[in-house]
file work-v5.tsv (TSV, C-alpha atoms and all ligand atoms)
chain	number	residue	atom	x	y	z
E	1	MET	CA	-1.21	122.85	6.82
E	2	ARG	CA	0.20	119.41	6.19
E	3	ARG	CA	0.65	117.42	9.34
E	4	ARG	CA	3.96	115.63	9.76
E	5	LYS	CA	3.52	111.94	9.27
E	6	LYS	CA	4.05	110.04	12.49
E	7	ARG	CA	7.23	107.96	12.31
E	8	LYS	CA	6.86	104.22	12.35
E	9	ARG	CA	8.14	102.58	15.52
E	10	VAL	CA	10.30	99.49	15.64
E	11	TRP	CA	10.47	97.89	19.09
E	12	LEU	CA	13.23	95.57	20.28
E	13	VAL	CA	13.46	93.63	23.53
E	14	PHE	CA	16.92	92.68	24.88
E	15	SER	CA	16.83	90.20	27.72
E	16	ASP	CA	19.09	88.40	30.15
E	17	LEU	CA	18.10	84.77	30.86
E	18	ASP	CA	19.03	83.53	34.38
E	19	GLY	CA	16.98	85.23	37.10
E	20	THR	CA	15.33	87.48	34.48
E	21	LEU	CA	13.39	85.59	31.81
E	22	LEU	CA	14.16	82.30	33.58
E	23	ASP	CA	13.28	81.57	37.19
E	24	GLU	CA	16.47	81.78	39.29
E	25	ASP	CA	16.01	78.26	40.72
E	26	THR	CA	13.93	76.24	38.28
E	27	TYR	CA	15.04	77.87	34.97
E	28	SER	CA	11.36	77.95	33.97
E	29	PHE	CA	9.89	80.75	31.80
E	30	GLU	CA	6.29	79.59	32.21
E	31	GLU	CA	5.11	82.90	33.68
E	32	ALA	CA	6.47	84.89	30.73
E	33	LYS	CA	4.84	82.73	28.04
E	34	GLY	CA	1.88	85.11	27.58
E	35	ALA	CA	4.18	88.09	27.09
E	36	LEU	CA	6.41	86.13	24.70
E	37	SER	CA	3.44	85.18	22.49
E	38	PHE	CA	2.20	88.76	22.58
E	39	LEU	CA	5.61	90.01	21.37
E	40	LYS	CA	5.64	87.37	18.65
E	41	GLU	CA	2.20	88.45	17.41
E	42	GLU	CA	3.36	92.06	17.39
E	43	GLY	CA	6.51	91.10	15.45
E	44	ILE	CA	8.75	92.44	18.22
E	45	PRO	CA	12.04	90.51	18.39
E	46	VAL	CA	13.25	89.21	21.74
E	47	ILE	CA	17.03	89.24	21.64
E	48	LEU	CA	18.45	86.96	24.31
E	49	CYS	CA	21.59	88.47	25.81
E	50	SER	CA	23.13	86.11	28.31
E	51	SER	CA	26.35	84.89	29.87
E	52	LYS	CA	25.33	81.45	28.59
E	53	THR	CA	27.04	79.83	25.61
E	54	ARG	CA	25.67	79.76	22.08
E	55	ALA	CA	24.79	76.07	22.53
E	56	GLU	CA	22.84	76.76	25.74
E	57	ILE	CA	20.98	79.75	24.30
E	58	GLU	CA	20.02	77.75	21.21
E	59	VAL	CA	18.05	75.38	23.44
E	60	TYR	CA	16.06	78.23	25.00
E	61	ARG	CA	15.41	80.11	21.76
E	62	ARG	CA	13.97	76.87	20.32
E	63	LYS	CA	11.77	76.40	23.41
E	64	MET	CA	10.70	80.05	23.23
E	65	THR	CA	10.26	79.96	19.41
E	66	LEU	CA	12.67	82.84	18.95
E	67	CYS	CA	14.64	81.20	16.15
E	68	ASP	CA	14.21	84.18	13.81
E	69	CYS	CA	15.67	86.61	16.38
E	70	PRO	CA	19.35	87.48	16.78
E	71	PHE	CA	21.00	86.63	20.11
E	72	ILE	CA	24.08	87.57	22.10
E	73	SER	CA	26.17	84.90	23.86
E	74	GLU	CA	28.75	84.88	26.68
E	75	ASN	CA	28.30	88.43	28.01
E	76	GLY	CA	28.58	90.07	24.61
E	77	GLY	CA	31.28	87.70	23.29
E	78	ALA	CA	29.44	87.42	19.98
E	79	ILE	CA	26.24	88.41	18.20
E	80	PHE	CA	24.51	85.74	16.11
E	81	ILE	CA	22.12	86.93	13.41
E	82	PRO	CA	19.99	84.25	11.68
E	83	GLU	CA	20.94	83.98	8.02
E	84	GLY	CA	19.64	81.12	5.88
E	85	GLU	CA	20.37	77.87	7.69
E	86	GLY	CA	23.03	79.41	9.90
E	87	TYR	CA	24.10	82.73	11.35
E	88	GLY	CA	25.95	85.86	10.47
E	89	THR	CA	28.36	86.24	13.39
E	90	ILE	CA	29.89	89.38	14.84
E	91	GLU	CA	32.67	88.53	17.28
E	92	LEU	CA	33.38	91.07	20.02
E	93	GLY	CA	35.18	88.90	22.57
E	94	LYS	CA	38.56	87.19	22.69
E	95	PRO	CA	38.84	83.47	21.80
E	96	TYR	CA	38.41	80.98	24.66
E	97	LYS	CA	41.96	79.67	24.18
E	98	LEU	CA	43.41	83.08	25.12
E	99	ILE	CA	41.16	83.27	28.19
E	100	LEU	CA	42.39	79.86	29.40
E	101	GLU	CA	45.97	80.99	28.81
E	102	VAL	CA	45.62	84.18	30.86
E	103	LEU	CA	44.05	82.15	33.69
E	104	THR	CA	47.00	79.75	33.70
E	105	GLU	CA	49.32	82.77	33.91
E	106	ALA	CA	47.26	84.25	36.75
E	107	ARG	CA	47.38	81.03	38.78
E	108	LYS	CA	51.16	80.90	38.42
E	109	SER	CA	51.99	84.51	39.01
E	110	LEU	CA	49.43	85.26	41.78
E	111	GLY	CA	49.57	81.83	43.40
E	112	VAL	CA	45.80	81.92	43.64
E	113	PRO	CA	43.59	78.83	43.28
E	114	ILE	CA	41.11	79.42	40.47
E	115	LYS	CA	38.70	76.77	39.28
E	116	GLY	CA	37.01	77.25	35.93
E	117	PHE	CA	34.35	75.37	33.96
E	118	TYR	CA	37.26	73.93	31.93
E	119	ASP	CA	38.47	72.15	35.11
E	120	MET	CA	35.02	70.87	36.06
E	121	SER	CA	33.12	67.86	34.78
E	122	PRO	CA	29.58	68.35	33.46
E	123	GLU	CA	28.38	66.50	36.59
E	124	GLU	CA	30.11	69.06	38.81
E	125	ILE	CA	28.71	72.03	36.84
E	126	SER	CA	25.27	70.47	36.91
E	127	LYS	CA	25.45	70.18	40.69
E	128	ILE	CA	26.76	73.70	41.36
E	129	CYS	CA	24.33	75.39	38.94
E	130	GLY	CA	21.32	73.16	39.52
E	131	LEU	CA	21.31	72.55	35.77
E	132	PRO	CA	20.17	69.32	34.08
E	133	LEU	CA	23.23	67.31	33.02
E	134	GLU	CA	22.61	67.83	29.29
E	135	GLU	CA	22.59	71.61	29.79
E	136	ALA	CA	25.81	71.42	31.81
E	137	VAL	CA	27.41	69.70	28.81
E	138	LEU	CA	26.34	72.66	26.64
E	139	ALA	CA	27.65	75.10	29.26
E	140	LYS	CA	31.11	73.65	28.67
E	141	GLU	CA	30.97	74.52	24.95
E	142	ARG	CA	32.63	77.88	25.56
E	143	GLU	CA	33.84	80.28	22.88
E	144	TYR	CA	34.52	83.67	24.54
E	145	SER	CA	34.43	83.45	28.35
E	146	GLU	CA	35.20	81.30	31.37
E	147	PRO	CA	33.10	81.21	34.57
E	148	ILE	CA	35.34	80.68	37.58
E	149	VAL	CA	35.22	80.03	41.29
E	150	VAL	CA	37.65	82.23	43.21
E	151	SER	CA	37.62	83.21	46.87
E	152	ASP	CA	36.52	86.76	47.74
E	153	GLU	CA	39.93	87.97	48.94
E	154	ASN	CA	41.49	87.01	45.60
E	155	VAL	CA	38.96	88.82	43.40
E	156	GLY	CA	40.72	92.22	43.63
E	157	PRO	CA	44.24	91.04	42.68
E	158	LEU	CA	42.86	88.81	39.91
E	159	GLU	CA	40.78	91.65	38.50
E	160	LEU	CA	43.86	93.89	38.33
E	161	PHE	CA	45.96	91.14	36.74
E	162	LEU	CA	43.32	90.59	34.06
E	163	ARG	CA	42.72	94.27	33.40
E	164	GLU	CA	46.41	94.89	32.76
E	165	ARG	CA	46.24	92.25	30.04
E	166	GLY	CA	43.07	93.46	28.32
E	167	PHE	CA	40.68	91.02	30.02
E	168	SER	CA	38.03	91.64	32.67
E	169	LEU	CA	36.04	89.96	35.38
E	170	THR	CA	32.28	90.29	35.58
E	171	LYS	CA	29.85	89.03	38.20
E	172	GLY	CA	26.88	87.04	36.95
E	173	GLY	CA	24.37	85.14	39.03
E	174	ARG	CA	26.53	82.35	40.48
E	175	PHE	CA	30.03	82.95	39.18
E	176	PHE	CA	32.65	85.45	38.28
E	177	THR	CA	33.31	85.26	34.57
E	178	VAL	CA	36.52	86.10	32.76
E	179	ILE	CA	35.91	87.89	29.46
E	180	GLY	CA	38.06	89.60	26.87
E	181	GLY	CA	37.04	93.25	26.99
E	182	ASN	CA	33.50	92.61	25.76
E	183	ASP	CA	30.31	93.30	27.68
E	184	LYS	CA	26.58	93.05	27.04
E	185	GLY	CA	26.38	96.81	26.40
E	186	LYS	CA	28.84	96.83	23.49
E	187	ALA	CA	26.95	94.01	21.80
E	188	VAL	CA	23.57	95.70	22.34
E	189	ARG	CA	24.92	99.00	20.96
E	190	LYS	CA	26.23	97.21	17.86
E	191	LEU	CA	22.87	95.52	17.20
E	192	LEU	CA	20.99	98.78	17.81
E	193	GLU	CA	23.19	100.45	15.17
E	194	LEU	CA	22.38	97.67	12.72
E	195	TYR	CA	18.61	97.96	13.37
E	196	ARG	CA	18.76	101.77	13.11
E	197	SER	CA	20.46	101.62	9.74
E	198	LYS	CA	18.11	98.89	8.51
E	199	PHE	CA	15.02	100.85	9.63
E	200	SER	CA	16.38	104.33	8.96
E	201	ASP	CA	12.89	105.78	8.36
E	202	ALA	CA	11.56	104.46	11.68
E	203	GLU	CA	12.08	105.22	15.33
E	204	VAL	CA	13.86	102.26	16.96
E	205	LEU	CA	12.87	101.82	20.61
E	206	SER	CA	14.45	99.29	22.92
E	207	ILE	CA	13.56	97.62	26.19
E	208	GLY	CA	16.31	95.86	28.17
E	209	LEU	CA	15.70	93.51	31.09
E	210	GLY	CA	18.23	92.17	33.59
E	211	ASP	CA	18.85	91.35	37.24
E	212	GLY	CA	22.64	91.27	37.72
E	213	ARG	CA	25.70	93.50	37.60
E	214	ASN	CA	26.71	92.11	34.21
E	215	ASP	CA	23.41	93.48	32.84
E	216	LEU	CA	24.24	97.10	33.70
E	217	PRO	CA	26.11	97.90	30.45
E	218	MET	CA	23.10	96.52	28.52
E	219	LEU	CA	20.61	98.54	30.60
E	220	ALA	CA	22.64	101.69	29.96
E	221	GLU	CA	22.19	101.32	26.17
E	222	VAL	CA	18.40	100.87	25.96
E	223	ASP	CA	15.51	103.35	26.04
E	224	PHE	CA	13.56	101.43	28.69
E	225	PRO	CA	15.84	99.71	31.24
E	226	VAL	CA	14.16	97.15	33.50
E	227	ILE	CA	15.62	95.71	36.70
E	228	VAL	CA	13.92	92.41	37.48
E	229	ARG	CA	13.35	91.73	41.16
E	230	LYS	CA	14.86	88.68	42.84
E	231	LYS	CA	12.73	86.11	44.67
E	232	SER	CA	14.08	87.41	47.97
E	233	GLY	CA	12.33	90.72	47.18
E	234	ASP	CA	15.70	92.39	46.76
E	235	PHE	CA	16.81	93.95	43.47
E	236	LEU	CA	19.99	95.25	41.86
E	237	LYS	CA	20.81	98.72	43.18
E	238	ALA	CA	22.20	100.69	40.29
E	239	ASP	CA	22.49	104.20	39.03
E	240	ILE	CA	20.40	103.67	35.91
E	241	LYS	CA	18.21	106.62	35.01
E	242	ASP	CA	14.45	105.94	35.00
E	243	ALA	CA	14.83	102.21	35.47
E	244	TYR	CA	11.60	100.26	35.85
E	245	ILE	CA	11.91	97.97	38.86
E	246	THR	CA	9.53	95.06	38.63
E	247	ARG	CA	7.04	94.31	41.35
E	248	TYR	CA	7.26	90.56	40.75
E	249	PRO	CA	10.41	88.44	40.48
E	250	GLY	CA	11.85	86.59	37.46
E	251	PRO	CA	9.65	85.73	34.47
E	252	ARG	CA	6.50	87.09	36.12
E	253	GLY	CA	8.21	90.46	36.59
E	254	TRP	CA	9.52	90.21	33.03
E	255	ALA	CA	5.99	89.92	31.65
E	256	GLU	CA	4.73	92.68	33.95
E	257	ALA	CA	7.39	95.13	32.70
E	258	VAL	CA	6.99	94.29	29.00
E	259	PHE	CA	3.19	94.75	29.10
E	260	ASN	CA	3.37	97.95	31.17
E	261	ILE	CA	6.03	99.64	29.07
E	262	LEU	CA	4.40	98.81	25.74
E	263	GLU	CA	0.94	99.80	26.96
E	264	VAL	CA	2.03	103.15	28.46
E	265	SER	CA	4.06	104.06	25.38
E	266	ARG	CA	1.00	103.52	23.14
E	267	ARG	CA	-1.31	105.85	25.00
F	1	MG	MG	20.79	87.17	35.45
call {"tool": "encode", "arguments": {"input": "work-v5.tsv", "output": "structure tokens"}}
result
Amino acid sequence: MRRRKKRKRVWLVFSDLDGTLLDEDTYSFEEAKGALSFLKEEGIPVILCSSKTRAEIEVYRRKMTLCDCPFISENGGAIFIPEGEGYGTIELGKPYKLILEVLTEARKSLGVPIKGFYDMSPEEISKICGLPLEEAVLAKEREYSEPIVVSDENVGPLELFLRERGFSLTKGGRFFTVIGGNDKGKAVRKLLELYRSKFSDAEVLSIGLGDGRNDLPMLAEVDFPVIVRKKSGDFLKADIKDAYITRYPGPRGWAEAVFNILEVSRR
């Protein structure tokens, strides 16, 4: 009897940055370096999927030598796929101009004070986020979303106002972010479809790692969802089936999960 040939496996890793692959305070990924080199040797792409802008992510993918991997910016606002010297871009979000417009409308009609990155200087952003000044400059290069400061009692009315107009509010690490109907999950699903059609004879398996509410749609799309623990020891409580909750926080937990999942699946 002829045995069925085992299908080739193609692994993909989707990862949030802040508080997940980067330390929540120092933005260091030192403790994940071993795991990142292992994935590189294995030819497994690490697809950064962050609320950060394209310009900010470009800095980290250079530092992490992930320049041949696609990435997802601004909570699923767009997917960038390396192509020659540039990228093939798939836009899923609404243009920044429209987001600023709806915020102006919201301020007027709700009478609510809302402060966005647009209204802040790089110095101010750098201070609030604990980011180096040059990274704060890149954080202002927005294309599909606007992080805002709004007081807790105004979140509900603002959320409703935005939803009625086809926008939404998502909670990242430090801010609420206004986005245009996109989320990390839609972008991950789109990329998974592309990989599945490219490798139609293989089994495509995905790991997704995150620590915040805005990561939930991404975690819902992958085969191996990972919730990365916070430094406080706490972690995101979510109804995600079979989620791996890391023992260690941030990049150390990231490496722990990647090694464990890949090792167990190979037994
Ligand atoms: Mg995060």
call {"tool": "closest_residue", "arguments": {"input": "work-v5.tsv", "among": "E:Leu216, E:Cys69, E:Ala187, E:Val258", "to": "ligand MG 1 (chain F)", "atoms": "only C-alpha atoms and all ligand atoms"}}
result
E:Leu216
call {"tool": "closest_residue", "arguments": {"input": "work-v5.tsv", "among": "E:Gly88, E:Pro113, E:Gly180, E:Gly19", "to": "ligand MG 1 (chain F)", "atoms": "all atoms listed in the file"}}
result
E:Gly19
call {"tool": "residues_near_point", "arguments": {"input": "work-v5.tsv", "point": "(28.2, 76.5, 22.7)", "cutoff": "10 Å", "atoms": "only C-alpha atoms", "output": "list in words"}}
result
Lys52, Thr53, Arg54, Ala55, Glu56, Ile57, Glu58, Ser73, Glu74, Val137, Leu138, Ala139, Lys140, Glu141, Arg142, Glu143 and Tyr144 of chain E
call {"tool": "closest_atom_pairs", "arguments": {"input": "work-v5.tsv", "of": "chain E", "to": "ligand MG 1 (chain F)", "cutoff": "7 Å", "atoms": "only C-alpha atoms and all ligand atoms", "output": "tab-separated table"}}
result
residue	atom	partner	partner_atom	distance
E:Asp16	CA	F:MG1	MG	5.7
E:Leu17	CA	F:MG1	MG	5.8
E:Asp18	CA	F:MG1	MG	4.2
E:Gly19	CA	F:MG1	MG	4.6
E:Thr20	CA	F:MG1	MG	5.6
E:Gly172	CA	F:MG1	MG	6.3
E:Gly173	CA	F:MG1	MG	5.5
E:Gly210	CA	F:MG1	MG	5.9
E:Asp211	CA	F:MG1	MG	4.9
E:Gly212	CA	F:MG1	MG	5.0
call {"tool": "write_last_selection", "arguments": {"input": "work-v5.tsv", "atoms": "C-alpha atoms", "output": "PDB file, keeping the file's coordinate frame"}}
result
ATOM      1  CA  ASP E  16      19.090  88.400  30.150  1.00  0.00           C
ATOM      2  CA  LEU E  17      18.100  84.770  30.860  1.00  0.00           C
ATOM      3  CA  ASP E  18      19.030  83.530  34.380  1.00  0.00           C
ATOM      4  CA  GLY E  19      16.980  85.230  37.100  1.00  0.00           C
ATOM      5  CA  THR E  20      15.330  87.480  34.480  1.00  0.00           C
ATOM      6  CA  GLY E 172      26.880  87.040  36.950  1.00  0.00           C
ATOM      7  CA  GLY E 173      24.370  85.140  39.030  1.00  0.00           C
ATOM      8  CA  GLY E 210      18.230  92.170  33.590  1.00  0.00           C
ATOM      9  CA  ASP E 211      18.850  91.350  37.240  1.00  0.00           C
ATOM     10  CA  GLY E 212      22.640  91.270  37.720  1.00  0.00           C
TER      11      GLY E 212
END
call {"tool": "residues_around", "arguments": {"input": "work-v5.tsv", "residues": "E:Met120", "least_positions_apart": "6", "cutoff": "12 Å", "atoms": "all atoms listed in the file", "output": "count of residues only"}}
result
13
call {"tool": "residues_around", "arguments": {"input": "work-v5.tsv", "residues": "E:Val226", "least_positions_apart": "2", "cutoff": "6 Å", "atoms": "all atoms listed in the file", "output": "MDAnalysis selection string"}}
result
chainID E and resid 208:209 243:245
call {"tool": "atom_distance", "arguments": {"input": "work-v5.tsv", "atom1": "atom CA of E:Ile179", "atom2": "atom CA of E:Ser145"}}
result
4.8 Å
call {"tool": "atom_distance", "arguments": {"input": "work-v5.tsv", "atom1": "atom CA of E:Ile79", "atom2": "atom CA of E:Glu135"}}
result
20.7 Å
call {"tool": "residues_around", "arguments": {"input": "work-v5.tsv", "residues": "stretch 248-252 of chain E", "least_positions_apart": "2", "cutoff": "6 Å", "atoms": "all atoms listed in the file", "output": "PDB file with C-alpha atoms, in the coordinates of the input"}}
result
ATOM      1  CA  GLY E  19      16.980  85.230  37.100  1.00  0.00           C
ATOM      2  CA  THR E  20      15.330  87.480  34.480  1.00  0.00           C
ATOM      3  CA  LEU E  21      13.390  85.590  31.810  1.00  0.00           C
ATOM      4  CA  LEU E  22      14.160  82.300  33.580  1.00  0.00           C
ATOM      5  CA  ASP E  23      13.280  81.570  37.190  1.00  0.00           C
ATOM      6  CA  PHE E  29       9.890  80.750  31.800  1.00  0.00           C
ATOM      7  CA  GLU E  31       5.110  82.900  33.680  1.00  0.00           C
ATOM      8  CA  ALA E  32       6.470  84.890  30.730  1.00  0.00           C
ATOM      9  CA  ARG E 229      13.350  91.730  41.160  1.00  0.00           C
ATOM     10  CA  LYS E 230      14.860  88.680  42.840  1.00  0.00           C
ATOM     11  CA  LYS E 231      12.730  86.110  44.670  1.00  0.00           C
ATOM     12  CA  THR E 246       9.530  95.060  38.630  1.00  0.00           C
ATOM     13  CA  TRP E 254       9.520  90.210  33.030  1.00  0.00           C
ATOM     14  CA  ALA E 255       5.990  89.920  31.650  1.00  0.00           C
TER      15      ALA E 255
END
call {"tool": "atom_distance", "arguments": {"input": "work-v5.tsv", "atom1": "atom CA of E:Glu91", "atom2": "atom CA of E:Ser206"}}
result
21.9 Å
call {"tool": "closest_residue", "arguments": {"input": "work-v5.tsv", "among": "E:Val10, E:Ile261, E:Ser121, E:Cys67", "to": "E:Leu133", "atoms": "only C-alpha atoms"}}
result
E:Ser121
call {"tool": "axis_aligned_box", "arguments": {"input": "work-v5.tsv", "around": "stretch 170-186 of chain E", "padding_each_side": "5 Å", "output": "AutoDock Vina command-line options"}}
result
--center_x 31.2 --center_y 89.6 --center_z 32.0 --size_x 23.7 --size_y 24.5 --size_z 27.0
call {"tool": "closest_residue", "arguments": {"input": "work-v5.tsv", "among": "E:Lys33, E:Arg7, E:Arg213, E:Arg266", "to": "E:Asp239", "atoms": "all atoms listed in the file"}}
result
E:Arg213
call {"tool": "closest_residue", "arguments": {"input": "work-v5.tsv", "among": "E:Leu191, E:Ala106, E:Leu48, E:Val150", "to": "E:Ile90", "atoms": "all atoms listed in the file"}}
result
E:Leu191
call {"tool": "residues_around", "arguments": {"input": "work-v5.tsv", "residues": "E:Arg165", "least_positions_apart": "6", "cutoff": "12 Å", "atoms": "all atoms listed in the file", "output": "PyMOL selection string"}}
result
chain E and resi 94+98-99+101-103+105-106+158-159+178-181
call {"tool": "closest_residue", "arguments": {"input": "work-v5.tsv", "among": "E:Leu219, E:Leu110, E:Leu131, E:Ile207", "to": "E:Phe161", "atoms": "only C-alpha atoms"}}
result
E:Leu110
call {"tool": "residues_around", "arguments": {"input": "work-v5.tsv", "residues": "E:Asn182", "least_positions_apart": "2", "cutoff": "8 Å", "atoms": "all atoms listed in the file", "output": "PDB file with C-alpha atoms, in the coordinates of the input"}}
result
ATOM      1  CA  ASN E  75      28.300  88.430  28.010  1.00  0.00           C
ATOM      2  CA  GLY E  76      28.580  90.070  24.610  1.00  0.00           C
ATOM      3  CA  GLY E  77      31.280  87.700  23.290  1.00  0.00           C
ATOM      4  CA  LEU E  92      33.380  91.070  20.020  1.00  0.00           C
ATOM      5  CA  GLY E  93      35.180  88.900  22.570  1.00  0.00           C
ATOM      6  CA  ILE E 179      35.910  87.890  29.460  1.00  0.00           C
ATOM      7  CA  GLY E 180      38.060  89.600  26.870  1.00  0.00           C
ATOM      8  CA  LYS E 184      26.580  93.050  27.040  1.00  0.00           C
ATOM      9  CA  LYS E 186      28.840  96.830  23.490  1.00  0.00           C
ATOM     10  CA  ALA E 187      26.950  94.010  21.800  1.00  0.00           C
TER      11      ALA E 187
END
call {"tool": "build_atoms", "arguments": {"input": "work-v5.tsv", "residues": "stretch 135-143 of chain E", "atoms": "all heavy atoms", "output": "JSON list (two decimals), in the coordinates of the input"}}
result
[["chain", "number", "residue", "atom", "x", "y", "z"],
["E", 135, "GLU", "N", 22.32, 70.17, 29.93],
["E", 135, "GLU", "CA", 22.59, 71.61, 29.79],
["E", 135, "GLU", "C", 23.99, 71.96, 30.29],
["E", 135, "GLU", "O", 24.64, 72.87, 29.78],
["E", 135, "GLU", "CB", 21.53, 72.45, 30.51],
["E", 135, "GLU", "CG", 20.23, 72.47, 29.73],
["E", 135, "GLU", "CD", 19.16, 73.37, 30.33],
["E", 135, "GLU", "OE1", 19.52, 74.44, 30.86],
["E", 135, "GLU", "OE2", 17.98, 72.99, 30.28],
["E", 136, "ALA", "N", 24.45, 71.21, 31.31],
["E", 136, "ALA", "CA", 25.81, 71.42, 31.81],
["E", 136, "ALA", "C", 26.84, 71.07, 30.74],
["E", 136, "ALA", "O", 27.88, 71.71, 30.62],
["E", 136, "ALA", "CB", 26.04, 70.60, 33.07],
["E", 137, "VAL", "N", 26.52, 70.06, 29.92],
["E", 137, "VAL", "CA", 27.41, 69.70, 28.81],
["E", 137, "VAL", "C", 27.50, 70.88, 27.84],
["E", 137, "VAL", "O", 28.59, 71.25, 27.38],
["E", 137, "VAL", "CB", 26.88, 68.43, 28.09],
["E", 137, "VAL", "CG1", 27.64, 68.17, 26.80],
["E", 137, "VAL", "CG2", 26.97, 67.21, 29.01],
["E", 138, "LEU", "N", 26.35, 71.51, 27.56],
["E", 138, "LEU", "CA", 26.34, 72.66, 26.64],
["E", 138, "LEU", "C", 27.04, 73.87, 27.24],
["E", 138, "LEU", "O", 27.62, 74.69, 26.53],
["E", 138, "LEU", "CB", 24.89, 73.02, 26.28],
["E", 138, "LEU", "CG", 24.06, 71.91, 25.64],
["E", 138, "LEU", "CD1", 22.64, 72.41, 25.36],
["E", 138, "LEU", "CD2", 24.70, 71.41, 24.36],
["E", 139, "ALA", "N", 27.00, 73.97, 28.58],
["E", 139, "ALA", "CA", 27.65, 75.10, 29.26],
["E", 139, "ALA", "C", 29.16, 75.02, 29.15],
["E", 139, "ALA", "O", 29.87, 76.00, 29.33],
["E", 139, "ALA", "CB", 27.24, 75.14, 30.73],
["E", 140, "LYS", "N", 29.66, 73.80, 28.83],
["E", 140, "LYS", "CA", 31.11, 73.65, 28.67],
["E", 140, "LYS", "C", 31.58, 73.99, 27.24],
["E", 140, "LYS", "O", 32.77, 74.08, 26.98],
["E", 140, "LYS", "CB", 31.54, 72.20, 29.02],
["E", 140, "LYS", "CG", 31.90, 72.05, 30.51],
["E", 140, "LYS", "CD", 32.30, 70.63, 30.85],
["E", 140, "LYS", "CE", 33.71, 70.24, 30.45],
["E", 140, "LYS", "NZ", 34.77, 70.78, 31.31],
["E", 141, "GLU", "N", 30.62, 74.18, 26.33],
["E", 141, "GLU", "CA", 30.97, 74.52, 24.95],
["E", 141, "GLU", "C", 31.26, 76.01, 24.83],
["E", 141, "GLU", "O", 30.52, 76.77, 24.22],
["E", 141, "GLU", "CB", 29.84, 74.14, 24.00],
["E", 141, "GLU", "CG", 29.68, 72.65, 23.87],
["E", 141, "GLU", "CD", 28.67, 72.27, 22.81],
["E", 141, "GLU", "OE1", 28.38, 73.08, 21.90],
["E", 141, "GLU", "OE2", 28.14, 71.16, 22.91],
["E", 142, "ARG", "N", 32.35, 76.45, 25.45],
["E", 142, "ARG", "CA", 32.63, 77.88, 25.56],
["E", 142, "ARG", "C", 33.43, 78.40, 24.37],
["E", 142, "ARG", "O", 34.27, 77.70, 23.82],
["E", 142, "ARG", "CB", 33.35, 78.16, 26.88],
["E", 142, "ARG", "CG", 32.68, 77.47, 28.08],
["E", 142, "ARG", "CD", 32.84, 78.25, 29.34],
["E", 142, "ARG", "NE", 32.17, 79.52, 29.32],
["E", 142, "ARG", "CZ", 30.88, 79.69, 29.64],
["E", 142, "ARG", "NH1", 30.13, 78.70, 30.00],
["E", 142, "ARG", "NH2", 30.36, 80.90, 29.57],
["E", 143, "GLU", "N", 33.14, 79.66, 24.02],
["E", 143, "GLU", "CA", 33.84, 80.28, 22.88],
["E", 143, "GLU", "C", 34.55, 81.58, 23.26],
["E", 143, "GLU", "O", 35.55, 81.94, 22.66],
["E", 143, "GLU", "CB", 32.84, 80.55, 21.75],
["E", 143, "GLU", "CG", 32.25, 79.30, 21.16],
["E", 143, "GLU", "CD", 31.08, 79.56, 20.21],
["E", 143, "GLU", "OE1", 30.07, 80.14, 20.66],
["E", 143, "GLU", "OE2", 31.19, 79.21, 19.03]]
